[in-house]
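Colleague: Next up is a structure, given as C-alpha cells.
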Amino acid sequence: MIVCKRCGNHNPAGDDFCGSCGAFLEWEGERIAEEVIEAPVAELPPPSGLVTRIRQAVLGDGPPLPPPTVPGAAPSAQTLAAQVAPLQPPPPTPAASSESASIAAALVAKTPSAPAPQAPRQPTAQTPSAAVARPKPQVKQAPTRTINPGDLVCGSCGEPNSAERNFCRRCGTSLAEVVPVKQRWWKRSGAAKKSKNTVVQAGARPMVAGGRGGGMAKGAKRGGRKLKGGIFGGFTSVRRVLALLAIVGIGTGLAVPGLRSTITDKGGDILRSVKNRISPEFTQVSPDNSLSVATSATPGREATMIADGASNTFWLGAPEDAAAKATVTFAPPTDLAKVLITPGDQENKENFKAQPRPKDLFIEAFDATGATLASKQLTLEDKADPQKFDLGASDAVSVSVTVQSCYPDPALHVCAITEVEFFKKK
C-alpha cells in the first residue's frame with residue numbers, strides 16, 4: 001500500500017498517481033507494509049506526591065506534614081518557619097526505629113519497581129536521491145484490466161478507473177468530467193430475452209419498455225416508420241395507377257376527339273363528388289311561400305311570414321294553441337341537408353328578451369306520399385343569432401315545425417319564429 005504524503009489517502013500498490021489529489025506517488029508517496037506492529041507502551045514511574053509524603057511521615061523517614069490551614073485565616077509564625085526552614089526528620093526512638101524499619105521493608109517489597117524510561121526514537125536521515133523525470137502518459141494505451149459498467153475511462157490514456165477515484169491511476173489526469181461507462185444495448189436486450197422461469201432479483205432487472213433508454217422508444221419509432229410506410233406506400237401505389245390512367249386517357253383523347261369530352265365530363269363529376277364528400281358546399285333552397293300553412297296564428301303574424309326571407313317579420317301562433325305548428329312546401333321535391341332557424345322577435349331588438357323565445361322545437365320532413373323522411377328534436381340557445389342544424393332528407397316535399405317550449409319559462413308554448421331557411425349540398 002502507498003500512502004500519499006500530500007493528502008494521506010491510501011492507494012493500492014500498483015497505482016502511480018493518488019486517487020484523491022492526483023499527486024505522483026513516486027515522489028509524494030510512501031510505501032508501507034500491510035501489517036502494522038504496535039509499539040509497546042512504556043510505563044511511567046508512579047508520581048511522588050501526597051501518598052509518598054504520607055508514607056514518609058508514617059515511617060519516619062521524611063518530614064512531617066504541615067498543619068492544616070483554615071481558609072481565610074492568616075498563617076502563623078510557626079507555619080511560616082516550618083515552610084521556610086529545611087525539614088529535618090525527628091530522631092527516631094529504638095522501638096519506633098525497629099517498627100518503622102519492618103513497615104518500610106514490607107512497603108518496599110510490595111511496591112513494583114518502575115522500568116527504566118526508553119529514549120525516544122529519532123527519524124533516520126535520508127540521503128536525497130536524484131530527481132526523477134515525471135513520465136509522460138501515453139495517449140490511448142491498452143487498458144490494464146477489463147472495462148466494466150460504471151468505470152471512469154481516462155480520456156488521455158484510456159485506463160479504466162473505479163467510480164470513487166478523482167484522478168487517473170495511470171497518468172494522473174482529472175476524472176471530474178468523465179461519464180461512467182454504461183452497459184451495451186445488446187447486453188440489455190439480451191437480459192430481457194431470458195427465460196420466463198429465470199428469477200431476477202429486484203434492482204437487477206433489465207430495462208423494460210418505457211424505461212430510460214429502453215425498447216419502447218425504439219419500438220415506437222420502428223412502429224411509426226412501419227405505419228408511415230404502409231400509409232404513404234398505399235398512396236404511392238394509388239398515384240402510380242392514377243398517373244398511368246392519365247397517360248392512357250391523354251393518349252386516347254388525342255386519338256379520339258369525341259371521347260375526350262366524355263372523359264373530361266366524367267372526371268369533373270368524380271372530382272366534384274369527392275370534393276363534396278370531403279368539404280361539402282351548401283346552397284339555399286326556398287319553399288313555395290304561398291303554400292305555407294299553420295295550425296294557428298296571431299293576426300298579422302301568419303304562417304307565410306316564417307319563410308319569406310325577411311328579418312323584420314315573424315310567425316306567432318295563437319295563445320290558446322298548446323302545440324302551434326307551421327308547415328312549408330317545396331315544389332318540386334328537393335334534398336334538404338341543413339336547416340337554419342332565426343328565433344324570437346327580430347323586428348325590434350329590444351323586444352327579443354321581453355317576448356317569449358323558442359327553446360324546444362320538433363321538425364319533420366315528408367315525401368310526396370306523406371311518409372316521414374327525417375325527424376329531429378332541436379334545442380335552441382337563448383340568443384338572437386341564427387342557429388344551424390342537420391336535417392338530412394332526400395326528395396322532401398314538406399317540412400313542419402312544432403313549438404314545444406319557450407324561454408324564459410318552459411311552460412310557455414307560444415313564441416315568435418322570425419325565419420326558417422333550408423340548404424342543400426351543391
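By convention here, the chains of the C-alpha cells are called A, B, ... in the order presented, each chain's residues are numbered starting at 1, and ligands are numbered starting at 1 in the order presented.
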Excluding Thr283 in chain A and residues on its chain fewer than 3 positions from it, collect all residues at most 8 Å away from it, counting only C-alpha atoms, and give them as a list in words.
Modeller: Phe423, Lys424, Lys425 and Lys426 of chain A
Colleague: Keeping N, CA and C atoms for every residue in the selection just given, could you write it to a file as an mmCIF file, in the first residue's frame?
Modeller:
data_model
loop_
_atom_site.group_PDB
_atom_site.id
_atom_site.type_symbol
_atom_site.label_atom_id
_atom_site.label_comp_id
_atom_site.auth_asym_id
_atom_site.auth_seq_id
_atom_site.Cartn_x
_atom_site.Cartn_y
_atom_site.Cartn_z
ATOM 1 N N PHE A 423 -81.144 24.400 -46.694
ATOM 2 C CA PHE A 423 -79.945 24.330 -47.545
ATOM 3 C C PHE A 423 -79.761 22.912 -48.043
ATOM 4 N N LYS A 424 -79.217 22.819 -49.256
ATOM 5 C CA LYS A 424 -78.855 21.522 -49.826
ATOM 6 C C LYS A 424 -77.415 21.574 -50.309
ATOM 7 N N LYS A 425 -76.818 20.389 -50.484
ATOM 8 C CA LYS A 425 -75.447 20.321 -50.982
ATOM 9 C C LYS A 425 -75.410 20.683 -52.452
ATOM 10 N N LYS A 426 -74.328 21.359 -52.855
ATOM 11 C CA LYS A 426 -74.168 21.695 -54.273
ATOM 12 C C LYS A 426 -73.908 20.454 -55.103
#
Colleague: So that I can see what lies close to Arg31 in chain A, please list as a list in words the residues with an atom at most 7 Å from it, counting only C-alpha atoms and leaving out residues fewer than 4 positions away in the same chain.
Modeller: Met1, Ile2 and Val3 of chain A
Colleague: Tell me which of A:Ser292, A:Ser286, A:Asn9, A:Ser20 sits closest to Leu340 in chain A, counting only C-alpha atoms.
Modeller: A:Ser286
Colleague: Taking only C-alpha atoms into account, name the residue in A:Phe362, A:Phe17, A:Trp185, A:Phe167 that is nearest to Pro149 in chain A.
Modeller: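 Under the stated criterion, the closest residue is A:Trp185.
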Colleague: I'd like the neighbourhood of Ser290 in chain A as a ChimeraX atom specification, where a residue qualifies if any of its atoms comes within 10 Å (using only C-alpha atoms), though same-chain residues fewer than 2 positions away should be ignored.
Modeller: /A:287-288,292-293,303-305,307-308,328-329
Colleague: Kindly export the residues of the current selection with N, CA and C atoms, as a PDB file, in the first residue's frame.
Modeller:
ATOM      1  N   PRO A 287     -88.743  27.334 -50.029  1.00  0.00           N
ATOM      2  CA  PRO A 287     -90.034  26.688 -50.304  1.00  0.00           C
ATOM      3  C   PRO A 287     -90.997  27.654 -51.026  1.00  0.00           C
ATOM      4  N   ASP A 288     -92.133  27.095 -51.477  1.00  0.00           N
ATOM      5  CA  ASP A 288     -93.179  27.926 -52.079  1.00  0.00           C
ATOM      6  C   ASP A 288     -93.936  28.597 -50.938  1.00  0.00           C
ATOM      7  N   SER A 292     -97.421  27.912 -47.546  1.00  0.00           N
ATOM      8  CA  SER A 292     -97.117  27.757 -46.121  1.00  0.00           C
ATOM      9  C   SER A 292     -98.399  27.910 -45.312  1.00  0.00           C
ATOM     10  N   VAL A 293     -98.637  26.990 -44.355  1.00  0.00           N
ATOM     11  CA  VAL A 293     -99.825  26.992 -43.504  1.00  0.00           C
ATOM     12  C   VAL A 293     -99.397  26.767 -42.066  1.00  0.00           C
ATOM     13  N   ALA A 303     -98.535  32.315 -41.126  1.00  0.00           N
ATOM     14  CA  ALA A 303     -97.519  31.307 -41.416  1.00  0.00           C
ATOM     15  C   ALA A 303     -96.661  31.670 -42.617  1.00  0.00           C
ATOM     16  N   THR A 304     -97.186  32.490 -43.535  1.00  0.00           N
ATOM     17  CA  THR A 304     -96.395  32.872 -44.714  1.00  0.00           C
ATOM     18  C   THR A 304     -95.187  33.740 -44.362  1.00  0.00           C
ATOM     19  N   MET A 305     -95.133  34.237 -43.123  1.00  0.00           N
ATOM     20  CA  MET A 305     -94.000  35.057 -42.702  1.00  0.00           C
ATOM     21  C   MET A 305     -92.840  34.237 -42.129  1.00  0.00           C
ATOM     22  N   ALA A 307     -91.098  31.903 -43.754  1.00  0.00           N
ATOM     23  CA  ALA A 307     -90.077  31.607 -44.761  1.00  0.00           C
ATOM     24  C   ALA A 307     -90.132  32.617 -45.886  1.00  0.00           C
ATOM     25  N   ASP A 308     -90.364  33.887 -45.545  1.00  0.00           N
ATOM     26  CA  ASP A 308     -90.454  34.927 -46.568  1.00  0.00           C
ATOM     27  C   ASP A 308     -89.130  35.611 -46.848  1.00  0.00           C
ATOM     28  N   VAL A 328     -94.209  24.219 -44.322  1.00  0.00           N
ATOM     29  CA  VAL A 328     -93.814  24.812 -45.602  1.00  0.00           C
ATOM     30  C   VAL A 328     -93.753  23.706 -46.648  1.00  0.00           C
ATOM     31  N   THR A 329     -93.885  24.068 -47.931  1.00  0.00           N
ATOM     32  CA  THR A 329     -93.959  23.085 -49.021  1.00  0.00           C
ATOM     33  C   THR A 329     -92.950  23.446 -50.104  1.00  0.00           C
TER      34      THR A 329
END
Colleague: Just the residues within 8 Å of Phe422 in chain A, please, counting only C-alpha atoms, with nothing from its chain fewer than 2 positions along; format it as a PyMOL selection string.
Modeller: chain A and resi 284-286+336-340+420+424
Colleague: With only C-alpha atoms as the counted atoms, please give the residues lying no more than 12 Å from His10 in chain A, apart from itself and same-chain residues fewer than 2 positions off, as JSON, numbers by chain.
Modeller: {"A": [1, 2, 3, 4, 5, 6, 7, 8, 12, 13, 14, 15, 17, 18, 19, 20, 21, 25, 29, 30, 31, 32, 33, 34, 165]}
Colleague: May I ask which of the residues A:Ala416, A:Leu50, A:Val58, A:Ala374 is the closest one to Glu347 in chain A, counting only C-alpha atoms?
Modeller: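 Of A:Ala416, A:Leu50, A:Val58, A:Ala374, the one nearest Glu347 in chain A, counting only C-alpha atoms, is A:Ala416.
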Colleague: Write out as a PyMOL selection string all residues of range 252-381 of chain A that DSSP puts in strand (DSSP E) for this structure's backbone.
Modeller: chain A and resi 282-285+288-294+315-316+325-343+357-366+372-379
Colleague: Limited to C-alpha atoms, could you put the picked residues into a file as a CSV table (one decimal), in the first residue's frame?
Modeller:
chain,number,residue,atom,x,y,z
A,282,PHE,CA,-74.2,24.2,-49.5
A,283,THR,CA,-76.7,26.4,-51.4
A,284,GLN,CA,-80.0,27.8,-50.1
A,285,VAL,CA,-83.3,26.4,-51.4
A,288,ASP,CA,-93.2,27.9,-52.1
A,289,ASN,CA,-94.2,30.6,-49.6
A,290,SER,CA,-97.7,30.8,-50.9
A,291,LEU,CA,-98.3,27.2,-49.7
A,292,SER,CA,-97.1,27.8,-46.1
A,293,VAL,CA,-99.8,27.0,-43.5
A,294,ALA,CA,-100.1,26.8,-39.7
A,315,TRP,CA,-94.9,33.8,-37.3
A,316,LEU,CA,-96.6,33.6,-33.9
A,325,LYS,CA,-97.2,24.1,-35.9
A,326,ALA,CA,-96.2,25.7,-39.2
A,327,THR,CA,-95.7,23.8,-42.4
A,328,VAL,CA,-93.8,24.8,-45.6
A,329,THR,CA,-94.0,23.1,-49.0
A,330,PHE,CA,-91.3,22.6,-51.7
A,331,ALA,CA,-92.2,22.3,-55.4
A,332,PRO,CA,-90.6,20.3,-56.9
A,333,PRO,CA,-89.2,17.9,-54.2
A,334,THR,CA,-85.7,18.7,-53.1
A,335,ASP,CA,-82.9,17.3,-50.9
A,336,LEU,CA,-82.5,19.1,-47.6
A,337,ALA,CA,-79.2,18.8,-45.8
A,338,LYS,CA,-79.4,21.6,-43.2
A,339,VAL,CA,-82.0,24.0,-41.6
A,340,LEU,CA,-81.2,27.5,-40.2
A,341,ILE,CA,-83.6,28.9,-37.6
A,342,THR,CA,-83.7,32.6,-36.5
A,343,PRO,CA,-85.7,32.7,-33.2
A,357,ARG,CA,-88.4,32.9,-27.5
A,358,PRO,CA,-88.4,29.3,-28.8
A,359,LYS,CA,-86.5,26.7,-26.8
A,360,ASP,CA,-87.6,23.1,-27.8
A,361,LEU,CA,-88.7,22.6,-31.4
A,362,PHE,CA,-89.7,19.4,-33.2
A,363,ILE,CA,-89.1,19.3,-37.0
A,364,GLU,CA,-90.3,16.7,-39.5
A,365,ALA,CA,-89.7,16.2,-43.3
A,366,PHE,CA,-92.2,14.3,-45.5
A,372,THR,CA,-91.7,10.8,-42.7
A,373,LEU,CA,-88.2,11.1,-44.2
A,374,ALA,CA,-86.5,12.7,-41.1
A,375,SER,CA,-87.4,13.9,-37.7
A,376,LYS,CA,-85.3,16.0,-35.3
A,377,GLN,CA,-85.7,17.2,-31.8
A,378,LEU,CA,-84.0,20.6,-31.6
A,379,THR,CA,-83.0,22.7,-28.6
Colleague: So, counting only C-alpha atoms, which residue among A:Asp345, A:Asp382, A:Asp395, A:Asp390 is closest to Ile417 in chain A?
Modeller: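 Answer, going by the shortest atom-to-atom distance: A:Asp345.
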